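Visitor: Take this structure, written in structure tokens, and hold onto it; I'll ask about it next.
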Amino acid sequence: MQIIRPILYRVLRIHPGELRPVALLGLMFFAMMAGLEIVGNVAEIAFFRRVGVEHLPKLYSLEPLVMVTLLSFFGSVIDRVGRYPLLFGLNGLLIAGLFIARPLMYGGWEAIYPVLWLAQRIFFGLAPLTFWVLCSDLFDIRQAKRLFTVLVGGGLAGATIGNLLTGLLSLRLVPEDILLAAVALFGLSLAATEGVRRLPLAGGHPHPDVLSEKKFSIGLPRRLLREPFLQALFLLMWIIGLLEPVLRYELNALANETFAAEQNLV
């Protein structure tokens, strides 16, 4: 440990007293992203096989409507409910939902495939958003500049491992059973969340679960309507969100046609 500490402090710029929260948050984000990638891969594979890639544009059209509806009041929900209960709830819903989805998939209930695809896309947006809101409460601006890159690295590592693990498990397991690996990862994320919750917060930071004085509101924040930078950022994210479904569909359709052609040739 004496050899590792200089590396952490000089290379990763983790100061004394920050190692434990960064390690727990990194583990939380790693497990969360790995589990979401596995669920996303299984949902797409199952949807292509049982429903068909030609029906994907319908879901891509529905997804923005659902996300805009949820995000319009999600910020207020975070403040009213609290970061930790929301993270526990999101991970718990994922675990419970996957346990419910497995027998329905085994039973051949076709409606579960579009529901699973849409649900994983929604959770892929909400769970990381809640994680970063929690991080902004735990660290000040100077700490965030140093530590957020480390946490992003943990999330990227989790996404990479999740994709690799899906490929390895698919050699021996059917998609329905691969979901159990995601359940285990979400359980690990829950354990890390509980570890972070038990940490003492730095002075000057309000506890994430005691922010009930903020009023519940639905709609765009007022600052967005009067600050040009936020307006430009909102427009940029809107354009990216508009193009991303189109690009993903084209990629999925091309991959489906290519691999279908190879399978017919074999």
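We name chains A, B, ... following the order of the structure tokens; residues begin at 1 in each chain, and ligands are numbered from 1 as shown.
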If you count only C-alpha atoms, which residues fall within 9 Å of Ala127 of chain A, apart from same-chain ones fewer than 3 positions away, as a PyMOL selection string?
Guide: chain A and resi 32+86-87+90-91+122-124+130-132
Visitor: Any idea what the distance is between atom CA of Val51 of chain A and atom CA of Ile112 of chain A?
Guide: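 So the answer is 10.2 Å.
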